[in-house]
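Reproduced below: start_17.cif, with mmCIF, C-alpha atoms and all ligand atoms.
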```cif
data_query
#
loop_
_atom_site.label_atom_id
_atom_site.label_comp_id
_atom_site.auth_asym_id
_atom_site.auth_seq_id
_atom_site.Cartn_x
_atom_site.Cartn_y
_atom_site.Cartn_z
CA MET A 1 -189.61 -227.09 193.30
CA ASN A 2 -189.48 -223.38 192.60
CA ARG A 3 -192.49 -223.52 190.31
CA ARG A 4 -195.81 -224.59 191.77
CA PRO A 5 -198.75 -223.90 189.42
CA ARG A 6 -201.15 -224.83 192.22
CA ARG A 7 -200.38 -221.51 193.97
CA ASN A 8 -202.45 -219.78 191.28
CA ARG A 9 -205.35 -222.09 192.05
CA LYS A 10 -205.31 -221.81 195.84
CA SER A 11 -208.42 -219.68 196.32
CA SER A 12 -211.50 -218.80 194.44
CA ALA A 13 -210.28 -215.18 194.48
CA ILE A 14 -207.06 -216.10 192.66
CA ARG A 15 -208.79 -218.53 190.33
CA SER A 16 -211.26 -215.94 189.14
CA MET A 17 -208.44 -213.48 188.43
CA VAL A 18 -206.39 -215.88 186.32
CA GLU A 19 -209.36 -217.37 184.50
CA GLU A 20 -208.50 -217.18 180.78
CA THR A 21 -211.88 -217.74 179.21
CA LYS A 22 -214.96 -215.69 179.97
CA LEU A 23 -218.33 -217.02 178.97
CA GLY A 24 -221.51 -215.04 179.43
CA THR A 25 -225.09 -215.01 178.27
CA GLU A 26 -224.04 -212.44 175.65
CA ASN A 27 -222.16 -215.22 173.85
CA LEU A 28 -225.25 -217.41 173.44
CA ILE A 29 -227.83 -217.74 170.68
CA TYR A 30 -230.96 -219.70 171.60
CA PRO A 31 -232.55 -222.00 168.96
CA LEU A 32 -236.35 -222.18 169.07
CA PHE A 33 -238.85 -224.25 167.08
CA ILE A 34 -242.15 -222.91 165.84
CA GLU A 35 -245.17 -224.49 164.18
CA ASP A 36 -248.43 -223.06 162.91
CA GLY A 37 -251.39 -222.97 165.31
CA LYS A 38 -252.34 -221.78 168.76
CA GLY A 39 -251.60 -222.86 172.30
CA VAL A 40 -248.92 -225.34 171.21
CA LYS A 41 -246.13 -226.46 173.55
CA THR A 42 -244.99 -229.92 172.48
CA GLU A 43 -241.86 -231.33 174.04
CA ILE A 44 -239.35 -232.83 171.62
CA LYS A 45 -238.87 -236.39 172.79
CA SER A 46 -235.23 -236.69 171.82
CA LEU A 47 -234.44 -233.20 173.14
CA PRO A 48 -236.08 -232.92 176.56
CA ASN A 49 -236.82 -229.44 177.84
CA ASN A 50 -237.09 -228.10 174.29
CA PHE A 51 -240.44 -227.54 172.64
CA ARG A 52 -242.30 -226.84 169.46
CA TRP A 53 -244.20 -223.63 170.08
CA SER A 54 -246.93 -221.76 168.29
CA LEU A 55 -246.48 -218.01 167.98
CA ASP A 56 -248.66 -217.13 171.01
CA THR A 57 -246.84 -219.47 173.40
CA LEU A 58 -243.47 -218.62 171.84
CA LEU A 59 -243.89 -214.90 172.52
CA ILE A 60 -244.47 -215.68 176.21
CA GLU A 61 -241.44 -217.96 176.27
CA MET A 62 -239.28 -215.34 174.56
CA ASP A 63 -240.42 -212.72 177.01
CA GLU A 64 -239.08 -214.92 179.80
CA CYS A 65 -235.82 -215.46 177.90
CA VAL A 66 -235.35 -211.74 177.25
CA ASN A 67 -235.90 -211.05 180.94
CA LEU A 68 -233.13 -213.55 181.69
CA GLY A 69 -230.79 -211.53 179.47
CA LEU A 70 -230.92 -213.54 176.23
CA ASP A 71 -231.01 -211.28 173.18
CA LYS A 72 -230.09 -213.54 170.27
CA PHE A 73 -232.36 -216.24 168.91
CA VAL A 74 -232.51 -218.53 165.91
CA LEU A 75 -235.94 -219.64 164.78
CA PHE A 76 -236.71 -222.90 162.93
CA PRO A 77 -240.09 -223.71 161.35
CA ALA A 78 -241.82 -227.10 161.59
CA VAL A 79 -243.91 -227.23 158.44
CA SER A 80 -246.80 -229.64 157.98
CA GLU A 81 -246.18 -232.37 155.42
CA SER A 82 -249.07 -231.16 153.24
CA LEU A 83 -247.33 -227.81 152.62
CA LYS A 84 -244.06 -229.36 151.47
CA ASP A 85 -243.19 -229.78 147.81
CA SER A 86 -240.13 -230.62 145.76
CA VAL A 87 -239.23 -226.94 145.19
CA ALA A 88 -239.87 -225.70 148.75
CA SER A 89 -242.28 -223.05 147.49
CA TYR A 90 -243.87 -222.59 150.91
CA SER A 91 -240.57 -221.10 152.14
CA TYR A 92 -241.40 -217.80 150.46
CA ALA A 93 -245.20 -218.04 150.22
CA SER A 94 -246.97 -214.84 151.23
CA ASP A 95 -249.12 -216.68 153.82
CA ASN A 96 -246.13 -218.47 155.39
CA PHE A 97 -246.62 -218.63 159.18
CA TYR A 98 -242.87 -218.52 159.82
CA LEU A 99 -242.48 -215.21 157.98
CA ASP A 100 -245.44 -213.82 159.88
CA ALA A 101 -243.84 -215.00 163.13
CA ILE A 102 -240.57 -213.24 162.29
CA HIS A 103 -242.53 -210.05 161.73
CA GLN A 104 -244.46 -210.30 164.97
CA ILE A 105 -241.45 -211.30 167.05
CA LYS A 106 -239.44 -208.32 165.80
CA ASP A 107 -242.41 -206.07 166.45
CA ARG A 108 -242.57 -207.26 170.03
CA PHE A 109 -238.80 -207.46 170.68
CA PRO A 110 -237.15 -204.85 168.44
CA ASN A 111 -233.85 -205.03 170.30
CA ILE A 112 -233.09 -208.71 169.85
CA GLU A 113 -231.07 -210.14 166.97
CA LEU A 114 -233.26 -212.70 165.24
CA MET A 115 -231.62 -215.25 163.04
CA SER A 116 -233.14 -217.61 160.48
CA ASP A 117 -232.09 -220.84 158.86
CA VAL A 118 -231.91 -220.84 155.08
CA ALA A 119 -232.09 -224.28 153.45
CA LEU A 120 -234.81 -226.22 151.69
CA ASP A 121 -235.15 -229.09 154.14
CA PRO A 122 -238.01 -227.92 156.42
CA TYR A 123 -240.11 -227.15 153.31
CA SER A 124 -238.97 -229.89 150.96
CA SER A 125 -240.93 -233.07 150.32
CA ASP A 126 -237.51 -234.70 149.78
CA GLY A 127 -236.11 -233.52 153.13
CA HIS A 128 -232.90 -232.31 151.52
CA ASP A 129 -231.30 -228.89 151.78
CA GLY A 130 -231.16 -228.51 148.00
CA LEU A 131 -233.29 -229.47 144.99
CA VAL A 132 -233.29 -233.19 144.27
CA LYS A 133 -233.30 -234.64 140.77
CA GLY A 134 -232.79 -238.33 140.08
CA GLY A 135 -231.24 -238.77 143.52
CA GLU A 136 -228.79 -235.92 142.98
CA ILE A 137 -228.73 -232.66 144.91
CA LEU A 138 -228.60 -229.85 142.36
CA ASN A 139 -226.37 -226.95 143.32
CA ASP A 140 -226.88 -223.99 140.98
CA GLU A 141 -230.62 -224.61 140.56
CA THR A 142 -231.00 -224.41 144.35
CA LEU A 143 -229.43 -220.94 144.67
CA PRO A 144 -232.38 -218.87 143.37
CA ILE A 145 -234.71 -220.61 145.83
CA LEU A 146 -232.34 -219.84 148.71
CA ALA A 147 -232.25 -216.22 147.54
CA LYS A 148 -236.04 -215.96 147.37
CA MET A 149 -236.30 -217.45 150.86
CA SER A 150 -233.69 -214.99 152.16
CA ILE A 151 -235.44 -211.98 150.64
CA ALA A 152 -238.80 -213.10 152.05
CA GLN A 153 -237.21 -213.41 155.49
CA ALA A 154 -235.50 -210.04 155.14
CA GLN A 155 -238.81 -208.49 154.18
CA ALA A 156 -240.36 -210.04 157.30
CA GLY A 157 -237.69 -208.33 159.41
CA ILE A 158 -234.99 -210.94 160.04
CA ASP A 159 -231.67 -209.53 161.29
CA ILE A 160 -229.33 -212.36 160.34
CA ILE A 161 -229.67 -214.92 157.55
CA GLY A 162 -228.14 -218.30 158.34
CA PRO A 163 -227.55 -220.31 155.15
CA SER A 164 -227.21 -223.88 156.40
CA ASP A 165 -227.52 -225.67 153.06
CA MET A 166 -223.84 -226.01 152.08
CA MET A 167 -224.45 -225.37 148.37
CA ASP A 168 -221.41 -223.86 146.61
CA GLY A 169 -221.64 -220.14 145.97
CA ARG A 170 -224.75 -219.55 148.06
CA VAL A 171 -223.34 -216.86 150.33
CA GLY A 172 -222.39 -214.66 147.38
CA PHE A 173 -225.66 -215.37 145.59
CA ILE A 174 -227.71 -214.49 148.68
CA ARG A 175 -225.59 -211.39 149.44
CA GLU A 176 -226.08 -210.04 145.93
CA SER A 177 -229.80 -210.75 145.98
CA LEU A 178 -230.23 -209.07 149.36
CA ASP A 179 -228.27 -206.02 148.24
CA ALA A 180 -230.22 -205.79 144.99
CA ALA A 181 -233.45 -205.80 147.03
CA ASN A 182 -231.94 -203.10 149.26
CA TYR A 183 -231.53 -205.26 152.37
CA LYS A 184 -227.96 -204.13 152.87
CA ASP A 185 -228.10 -204.29 156.66
CA VAL A 186 -229.24 -207.90 156.86
CA SER A 187 -226.24 -209.96 157.97
CA ILE A 188 -225.16 -213.39 156.83
CA MET A 189 -223.93 -215.88 159.40
CA SER A 190 -222.74 -218.62 157.14
CA TYR A 191 -222.87 -222.25 158.21
CA CYS A 192 -219.37 -222.42 156.85
CA ALA A 193 -217.91 -225.70 158.03
CA LYS A 194 -221.01 -227.82 158.43
CA TYR A 195 -220.28 -231.50 158.74
CA ALA A 196 -222.43 -234.49 157.74
CA SER A 197 -222.93 -235.38 161.39
CA ALA A 198 -224.84 -238.07 163.26
CA PHE A 199 -225.59 -235.47 165.94
CA TYR A 200 -228.46 -233.70 164.13
CA GLY A 201 -230.94 -236.50 164.95
CA PRO A 202 -233.05 -234.74 167.62
CA PHE A 203 -233.29 -231.59 165.46
CA ARG A 204 -234.67 -233.62 162.55
CA ASP A 205 -237.16 -235.18 164.98
CA ALA A 206 -238.20 -231.70 166.06
CA LEU A 207 -238.93 -230.58 162.52
CA ASP A 208 -239.77 -233.94 160.86
CA SER A 209 -237.13 -232.91 158.36
CA ALA A 210 -234.99 -236.01 157.89
CA PRO A 211 -234.09 -236.81 154.25
CA LYS A 212 -236.64 -239.16 152.67
CA ALA A 213 -233.86 -240.91 150.76
CA GLY A 214 -230.08 -240.88 150.88
CA ASP A 215 -227.92 -238.77 153.16
CA LYS A 216 -226.37 -235.30 153.11
CA LYS A 217 -222.79 -236.37 152.42
CA SER A 218 -222.60 -234.87 148.93
CA TYR A 219 -223.00 -231.36 150.36
CA GLN A 220 -222.17 -231.43 154.08
CA MET A 221 -218.50 -231.98 154.93
CA ASN A 222 -216.77 -235.22 155.77
CA PRO A 223 -216.07 -235.32 159.54
CA ALA A 224 -212.57 -236.57 158.69
CA ASN A 225 -211.64 -233.31 156.97
CA LYS A 226 -210.07 -230.28 158.54
CA ARG A 227 -208.13 -228.42 155.81
CA GLU A 228 -211.28 -228.41 153.70
CA ALA A 229 -212.81 -226.06 156.29
CA LEU A 230 -210.19 -223.48 155.28
CA ILE A 231 -211.41 -223.69 151.68
CA GLU A 232 -215.03 -223.23 152.74
CA ALA A 233 -214.12 -220.33 155.03
CA GLU A 234 -212.02 -218.61 152.37
CA LEU A 235 -214.94 -218.77 149.93
CA ASP A 236 -217.50 -217.51 152.44
CA VAL A 237 -215.26 -214.58 153.36
CA GLN A 238 -214.80 -213.67 149.68
CA GLU A 239 -218.52 -214.02 149.07
CA GLY A 240 -219.38 -211.57 151.84
CA ALA A 241 -220.23 -213.55 154.97
CA ASP A 242 -220.27 -211.47 158.17
CA MET A 243 -219.66 -214.40 160.50
CA LEU A 244 -218.45 -217.96 160.06
CA MET A 245 -220.01 -220.93 161.81
CA VAL A 246 -218.63 -224.36 162.66
CA LYS A 247 -221.15 -227.11 163.20
CA PRO A 248 -221.27 -229.29 165.27
CA ALA A 249 -219.19 -227.62 167.96
CA THR A 250 -217.90 -229.96 170.63
CA PHE A 251 -216.40 -232.63 168.40
CA TYR A 252 -214.98 -229.95 166.09
CA LEU A 253 -213.09 -227.73 168.54
CA ASP A 254 -209.96 -228.09 166.40
CA VAL A 255 -211.85 -226.62 163.44
CA ILE A 256 -213.13 -223.72 165.54
CA GLN A 257 -209.61 -223.00 166.73
CA MET A 258 -208.21 -223.24 163.20
CA LEU A 259 -210.76 -220.78 161.79
CA ARG A 260 -210.19 -218.45 164.75
CA GLU A 261 -206.46 -218.42 164.01
CA ASN A 262 -206.81 -217.98 160.26
CA PHE A 263 -209.67 -215.51 159.83
CA ASP A 264 -210.60 -212.18 161.32
CA LEU A 265 -214.38 -212.54 161.11
CA PRO A 266 -216.30 -213.49 164.24
CA ILE A 267 -216.61 -217.26 164.64
CA THR A 268 -219.73 -218.96 165.92
CA ALA A 269 -220.30 -222.61 166.69
CA TYR A 270 -223.46 -224.67 166.77
CA ASN A 271 -223.67 -226.86 169.86
CA VAL A 272 -226.10 -229.15 168.04
CA SER A 273 -229.09 -231.10 169.25
CA GLY A 274 -227.27 -234.43 169.61
CA GLU A 275 -224.51 -232.89 171.71
CA CYS A 276 -227.05 -231.38 174.09
CA ALA A 277 -229.17 -234.56 174.07
CA MET A 278 -226.20 -236.54 175.39
CA VAL A 279 -225.91 -234.23 178.38
CA TYR A 280 -229.68 -234.25 178.98
CA ALA A 281 -229.81 -238.05 178.83
CA ALA A 282 -226.79 -238.69 181.03
CA SER A 283 -227.91 -236.21 183.65
CA ALA A 284 -231.47 -237.57 183.65
CA ASN A 285 -229.88 -240.92 184.51
CA GLY A 286 -227.81 -239.38 187.28
CA TRP A 287 -224.58 -240.12 185.42
CA LEU A 288 -223.54 -236.50 184.95
CA ASP A 289 -224.26 -233.34 186.85
CA TYR A 290 -226.31 -231.31 184.35
CA GLU A 291 -225.20 -227.87 185.39
CA SER A 292 -221.47 -228.48 185.52
CA ALA A 293 -221.42 -230.67 182.39
CA MET A 294 -223.33 -228.06 180.44
CA PHE A 295 -221.06 -225.24 181.65
CA GLU A 296 -217.94 -227.20 180.78
CA MET A 297 -219.20 -228.05 177.30
CA LEU A 298 -220.00 -224.42 176.53
CA LEU A 299 -216.76 -223.21 178.06
CA SER A 300 -214.73 -225.59 175.88
CA ILE A 301 -216.39 -224.20 172.75
CA ARG A 302 -215.63 -220.66 173.87
CA ARG A 303 -212.05 -221.61 174.80
CA ALA A 304 -211.52 -222.99 171.30
CA GLY A 305 -212.30 -219.52 169.99
CA ALA A 306 -216.02 -219.16 169.34
CA ASP A 307 -217.45 -215.69 169.90
CA GLY A 308 -221.01 -216.95 169.68
CA ILE A 309 -222.52 -220.33 170.53
CA LEU A 310 -225.88 -221.58 169.31
CA THR A 311 -227.03 -223.86 172.08
CA TYR A 312 -230.17 -225.44 173.52
CA PHE A 313 -228.62 -224.78 176.95
CA ALA A 314 -228.90 -221.01 176.50
CA LYS A 315 -231.94 -220.49 178.70
CA ASP A 316 -230.66 -222.70 181.50
CA PHE A 317 -227.28 -221.00 181.32
CA ALA A 318 -228.91 -217.58 181.55
CA ARG A 319 -231.05 -218.72 184.46
CA LEU A 320 -228.11 -220.17 186.37
CA THR A 321 -225.67 -217.28 185.94
C1 LIG B 1 -231.00 -227.82 158.32
C2 LIG B 1 -230.35 -227.77 159.64
C3 LIG B 1 -229.99 -228.87 160.44
C4 LIG B 1 -229.56 -228.35 161.65
C5 LIG B 1 -229.63 -226.95 161.57
N1 LIG B 1 -230.10 -226.62 160.31
C6 LIG B 1 -230.11 -230.31 160.18
C7 LIG B 1 -229.46 -230.91 159.01
O1 LIG B 1 -228.59 -230.31 158.36
O2 LIG B 1 -229.84 -232.03 158.69
C8 LIG B 1 -229.15 -229.18 162.84
C9 LIG B 1 -229.14 -228.48 164.17
C10 LIG B 1 -229.11 -229.37 165.36
O3 LIG B 1 -228.92 -230.61 165.28
O4 LIG B 1 -229.30 -228.84 166.47
N2 LIG B 1 -230.40 -227.35 157.22
#
```
Would you mind writing the file's structure down as structure tokens?
Ligand code: PBG
Amino acid sequence: MNRRPRRNRKSSAIRSMVEETKLGTENLIYPLFIEDGKGVKTEIKSLPNNFRWSLDTLLIEMDECVNLGLDKFVLFPAVSESLKDSVASYSYASDNFYLDAIHQIKDRFPNIELMSDVALDPYSSDGHDGLVKGGEILNDETLPILAKMSIAQAQAGIDIIGPSDMMDGRVGFIRESLDAANYKDVSIMSYCAKYASAFYGPFRDALDSAPKAGDKKSYQMNPANKREALIEAELDVQEGADMLMVKPATFYLDVIQMLRENFDLPITAYNVSGECAMVYAASANGWLDYESAMFEMLLSIRRAGADGILTYFAKDFARLT
């Protein structure tokens, strides 16, 4: 044997030199859930260690996160059922607590990048990402609502808009609306290849946002499809997206790699609630070692080519590194 790959693994000193993938806190985006009120810290049952916060408790939590080195967050609102309607009008209402929270968070932490989610589902009495009529999800009629929501968030001070709705043409529509309102520096991180996945369950528990009827298969992608992600990416690039996201992440590493190889924009991946819940559950049972399983999961997403990873593990990762 004149070739022995093990020689390059013989010490921690060598291993660290030949390590191909670097993963740091700078790669992570931390999803947080907020509801209206005061003094709230409610654990999400299907996503242990993650909470619904009110603004006061959230600011304290974010302070801790920022001190750990996290500087990118995505904020999701849990809206009370009584404020939801079929046209998601609360999403851009002037007294919307989420918009107020964006404003106050940016006031307090001007140096972070704060990202939003743009879709109707947290505000919709139908629980769908688009307008529903006769059981159908309307595409073009949804776009102006997404644009209004985006402008309201931009006005509140959001740094990055994250359209997660999967309507056709929404990136271009939102980009034009933002530009027309003079929010040229607000970025769009498009949920580009977002699959109709079973792994969003804990997230929908967190927000009480599950569809009231039907599923999301007429707008989110079929998990069996890979080439279709190229079509979605091509469109989002043309329409002006600044970054492309693949979601979920771990079961879609091939899609991440494919977009990395075919496009020059930064690629992000959403390590979704169900993926994290599996690790939480198995480690709570003593079946997996939490720390190493979490590291390996994140590393695999990075190795596939993601520049940024949205993950519920972000705070633990930052604490442990
Ligand atoms: C809503 C949205 C979802 C997630 C992010 N934005 C749920 C869905 O599409 O039903 C899921 C994130 C996660 O599971 O962590 N548009």
Here's a test: counting all atoms listed in the file, identify every protein, DNA and RNA residue with an atom at most 8 Å from (-244.8, -229.7, 152.0) in the file's coordinate frame, and state them as JSON, numbers by chain.
{"A": [79, 80, 81, 82, 83, 84, 85, 86, 88, 90, 123, 124, 125]}
Output the neighbourhood of ligand LIG 1 (chain B) as a PyMOL selection string, that is, all protein and nucleic acid residues with some atom at most 10 Å from the ligand, counting all atoms listed in the file.
chain A and resi 31+47+74+76+116-122+127-130+162-166+191+194-207+209-211+215-216+219-220+247-248+270-277+310-312
Write a file of the just-selected residues containing C-alpha atoms, as a PDB file, in the frame of the given file.
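The result, written out as again.pdb:
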```pdb
ATOM      1  CA  PRO A  31    -232.550-222.000 168.960  1.00  0.00           C
ATOM      2  CA  LEU A  47    -234.440-233.200 173.140  1.00  0.00           C
ATOM      3  CA  VAL A  74    -232.510-218.530 165.910  1.00  0.00           C
ATOM      4  CA  PHE A  76    -236.710-222.900 162.930  1.00  0.00           C
ATOM      5  CA  SER A 116    -233.140-217.610 160.480  1.00  0.00           C
ATOM      6  CA  ASP A 117    -232.090-220.840 158.860  1.00  0.00           C
ATOM      7  CA  VAL A 118    -231.910-220.840 155.080  1.00  0.00           C
ATOM      8  CA  ALA A 119    -232.090-224.280 153.450  1.00  0.00           C
ATOM      9  CA  LEU A 120    -234.810-226.220 151.690  1.00  0.00           C
ATOM     10  CA  ASP A 121    -235.150-229.090 154.140  1.00  0.00           C
ATOM     11  CA  PRO A 122    -238.010-227.920 156.420  1.00  0.00           C
ATOM     12  CA  GLY A 127    -236.110-233.520 153.130  1.00  0.00           C
ATOM     13  CA  HIS A 128    -232.900-232.310 151.520  1.00  0.00           C
ATOM     14  CA  ASP A 129    -231.300-228.890 151.780  1.00  0.00           C
ATOM     15  CA  GLY A 130    -231.160-228.510 148.000  1.00  0.00           C
ATOM     16  CA  GLY A 162    -228.140-218.300 158.340  1.00  0.00           C
ATOM     17  CA  PRO A 163    -227.550-220.310 155.150  1.00  0.00           C
ATOM     18  CA  SER A 164    -227.210-223.880 156.400  1.00  0.00           C
ATOM     19  CA  ASP A 165    -227.520-225.670 153.060  1.00  0.00           C
ATOM     20  CA  MET A 166    -223.840-226.010 152.080  1.00  0.00           C
ATOM     21  CA  TYR A 191    -222.870-222.250 158.210  1.00  0.00           C
ATOM     22  CA  LYS A 194    -221.010-227.820 158.430  1.00  0.00           C
ATOM     23  CA  TYR A 195    -220.280-231.500 158.740  1.00  0.00           C
ATOM     24  CA  ALA A 196    -222.430-234.490 157.740  1.00  0.00           C
ATOM     25  CA  SER A 197    -222.930-235.380 161.390  1.00  0.00           C
ATOM     26  CA  ALA A 198    -224.840-238.070 163.260  1.00  0.00           C
ATOM     27  CA  PHE A 199    -225.590-235.470 165.940  1.00  0.00           C
ATOM     28  CA  TYR A 200    -228.460-233.700 164.130  1.00  0.00           C
ATOM     29  CA  GLY A 201    -230.940-236.500 164.950  1.00  0.00           C
ATOM     30  CA  PRO A 202    -233.050-234.740 167.620  1.00  0.00           C
ATOM     31  CA  PHE A 203    -233.290-231.590 165.460  1.00  0.00           C
ATOM     32  CA  ARG A 204    -234.670-233.620 162.550  1.00  0.00           C
ATOM     33  CA  ASP A 205    -237.160-235.180 164.980  1.00  0.00           C
ATOM     34  CA  ALA A 206    -238.200-231.700 166.060  1.00  0.00           C
ATOM     35  CA  LEU A 207    -238.930-230.580 162.520  1.00  0.00           C
ATOM     36  CA  SER A 209    -237.130-232.910 158.360  1.00  0.00           C
ATOM     37  CA  ALA A 210    -234.990-236.010 157.890  1.00  0.00           C
ATOM     38  CA  PRO A 211    -234.090-236.810 154.250  1.00  0.00           C
ATOM     39  CA  ASP A 215    -227.920-238.770 153.160  1.00  0.00           C
ATOM     40  CA  LYS A 216    -226.370-235.300 153.110  1.00  0.00           C
ATOM     41  CA  TYR A 219    -223.000-231.360 150.360  1.00  0.00           C
ATOM     42  CA  GLN A 220    -222.170-231.430 154.080  1.00  0.00           C
ATOM     43  CA  LYS A 247    -221.150-227.110 163.200  1.00  0.00           C
ATOM     44  CA  PRO A 248    -221.270-229.290 165.270  1.00  0.00           C
ATOM     45  CA  TYR A 270    -223.460-224.670 166.770  1.00  0.00           C
ATOM     46  CA  ASN A 271    -223.670-226.860 169.860  1.00  0.00           C
ATOM     47  CA  VAL A 272    -226.100-229.150 168.040  1.00  0.00           C
ATOM     48  CA  SER A 273    -229.090-231.100 169.250  1.00  0.00           C
ATOM     49  CA  GLY A 274    -227.270-234.430 169.610  1.00  0.00           C
ATOM     50  CA  GLU A 275    -224.510-232.890 171.710  1.00  0.00           C
ATOM     51  CA  CYS A 276    -227.050-231.380 174.090  1.00  0.00           C
ATOM     52  CA  ALA A 277    -229.170-234.560 174.070  1.00  0.00           C
ATOM     53  CA  LEU A 310    -225.880-221.580 169.310  1.00  0.00           C
ATOM     54  CA  THR A 311    -227.030-223.860 172.080  1.00  0.00           C
ATOM     55  CA  TYR A 312    -230.170-225.440 173.520  1.00  0.00           C
TER      56      TYR A 312
END
```
Spatial neighbours of stretch 99-110 of chain A, 10 Å, all atoms listed in the file, chain gap at least 4 places, as a ChimeraX atom specification
/A:34-36,54-56,58-59,62-63,66,71,75,77,91-95,114-116,149,152-159
Closest to A:Glu113 among A:Ala78, A:Phe73, A:Gly135, A:Leu143, using only C-alpha atoms?
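Nearest candidate to A:Glu113 out of A:Ala78, A:Phe73, A:Gly135, A:Leu143: A:Phe73.
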Nearest residue to A:Glu176 out of A:Glu291, A:Glu228, A:Glu239, A:Ala233, using all atoms listed in the file?
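For A:Glu176, the nearest of the candidates is A:Glu239.
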Would you mind telling me which residue in A:Gly37, A:Gly134, A:Gly214, A:Gly69 lies nearest to A:Tyr98 when using all atoms listed in the file?
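Checking each of A:Gly37, A:Gly134, A:Gly214, A:Gly69 against A:Tyr98, counting all atoms listed in the file, the winner is A:Gly37.
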Can you pull out the residues contacting A:Ala318? Cut-off 8 Å, using only C-alpha atoms, and skip same-chain residues under 4 positions away; I want them as a PyMOL selection string.
chain A and resi 25+68-70+314
Rounded to one decimal place, report the atom CA of A:Ile174-atom CA of A:Ala241 distance in Å.
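Atom CA of A:Ala241 lies at a distance of 9.8 Å from atom CA of A:Ile174.
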May I have the centre and edge lengths, in Å to one decimal, of an axis-aligned box around the listed atoms of stretch 263-278 of chain A with 5 Å added to every side, as lines of an AutoDock Vina configuration file?
```
center_x = -219.4
center_y = -224.4
center_z = 167.6
size_x = 29.5
size_y = 34.4
size_z = 25.6
```
Take atom CA of A:Lys315 and atom CA of A:Met297 and report the distance between them in Å, one decimal.
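Atom-to-atom, atom CA of A:Lys315 to atom CA of A:Met297, that is 14.9 Å.
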Shortest interatomic distance to A:Asn67 - which of A:Ile112, A:Val246, A:Ala147, A:Leu288, counting only C-alpha atoms
A:Ile112
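Proximity of A:Met17, A:Lys226, A:Asp307, A:Gly286 to A:Asp264, computed with only C-alpha atoms, is greatest for A:Asp307.
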Counting all atoms listed in the file, which residue out of A:Met167, A:Met245, A:Ala13, A:Leu253 sits closest to A:Ala304?
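Smallest distance to A:Ala304 is found for A:Leu253.
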To one decimal place in Å, what is the distance between atom CA of A:Thr268 and atom CA of A:Leu244?
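Atom CA of A:Thr268 sits 6.1 Å away from atom CA of A:Leu244.
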Using 8 Å as the limit and counting all atoms listed in the file, can you tabulate each residue of stretch 149-199 of chain A that touches stretch 234-238 of chain A, with its shortest atom-to-atom distance in Å and the two atoms involved, as CSV?
```
residue,atom,partner,partner_atom,distance
A:Gly169,CA,A:Leu235,CA,7.9
A:Val171,CA,A:Asp236,CA,6.2
A:Gly172,CA,A:Asp236,CA,7.6
A:Ser190,CA,A:Asp236,CA,7.1
A:Cys192,CA,A:Asp236,CA,6.9
```
Please provide as a list in words all residues within 8 Å of A:Ser187, with the sequence filter that same-chain residues fewer than 2 positions apart are discarded (counting all atoms listed in the file).
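Non-adjacent residues within range: Asp159, Ile160, Ile161, Lys184, Asp185, Met189, Ala241 and Asp242 of chain A.
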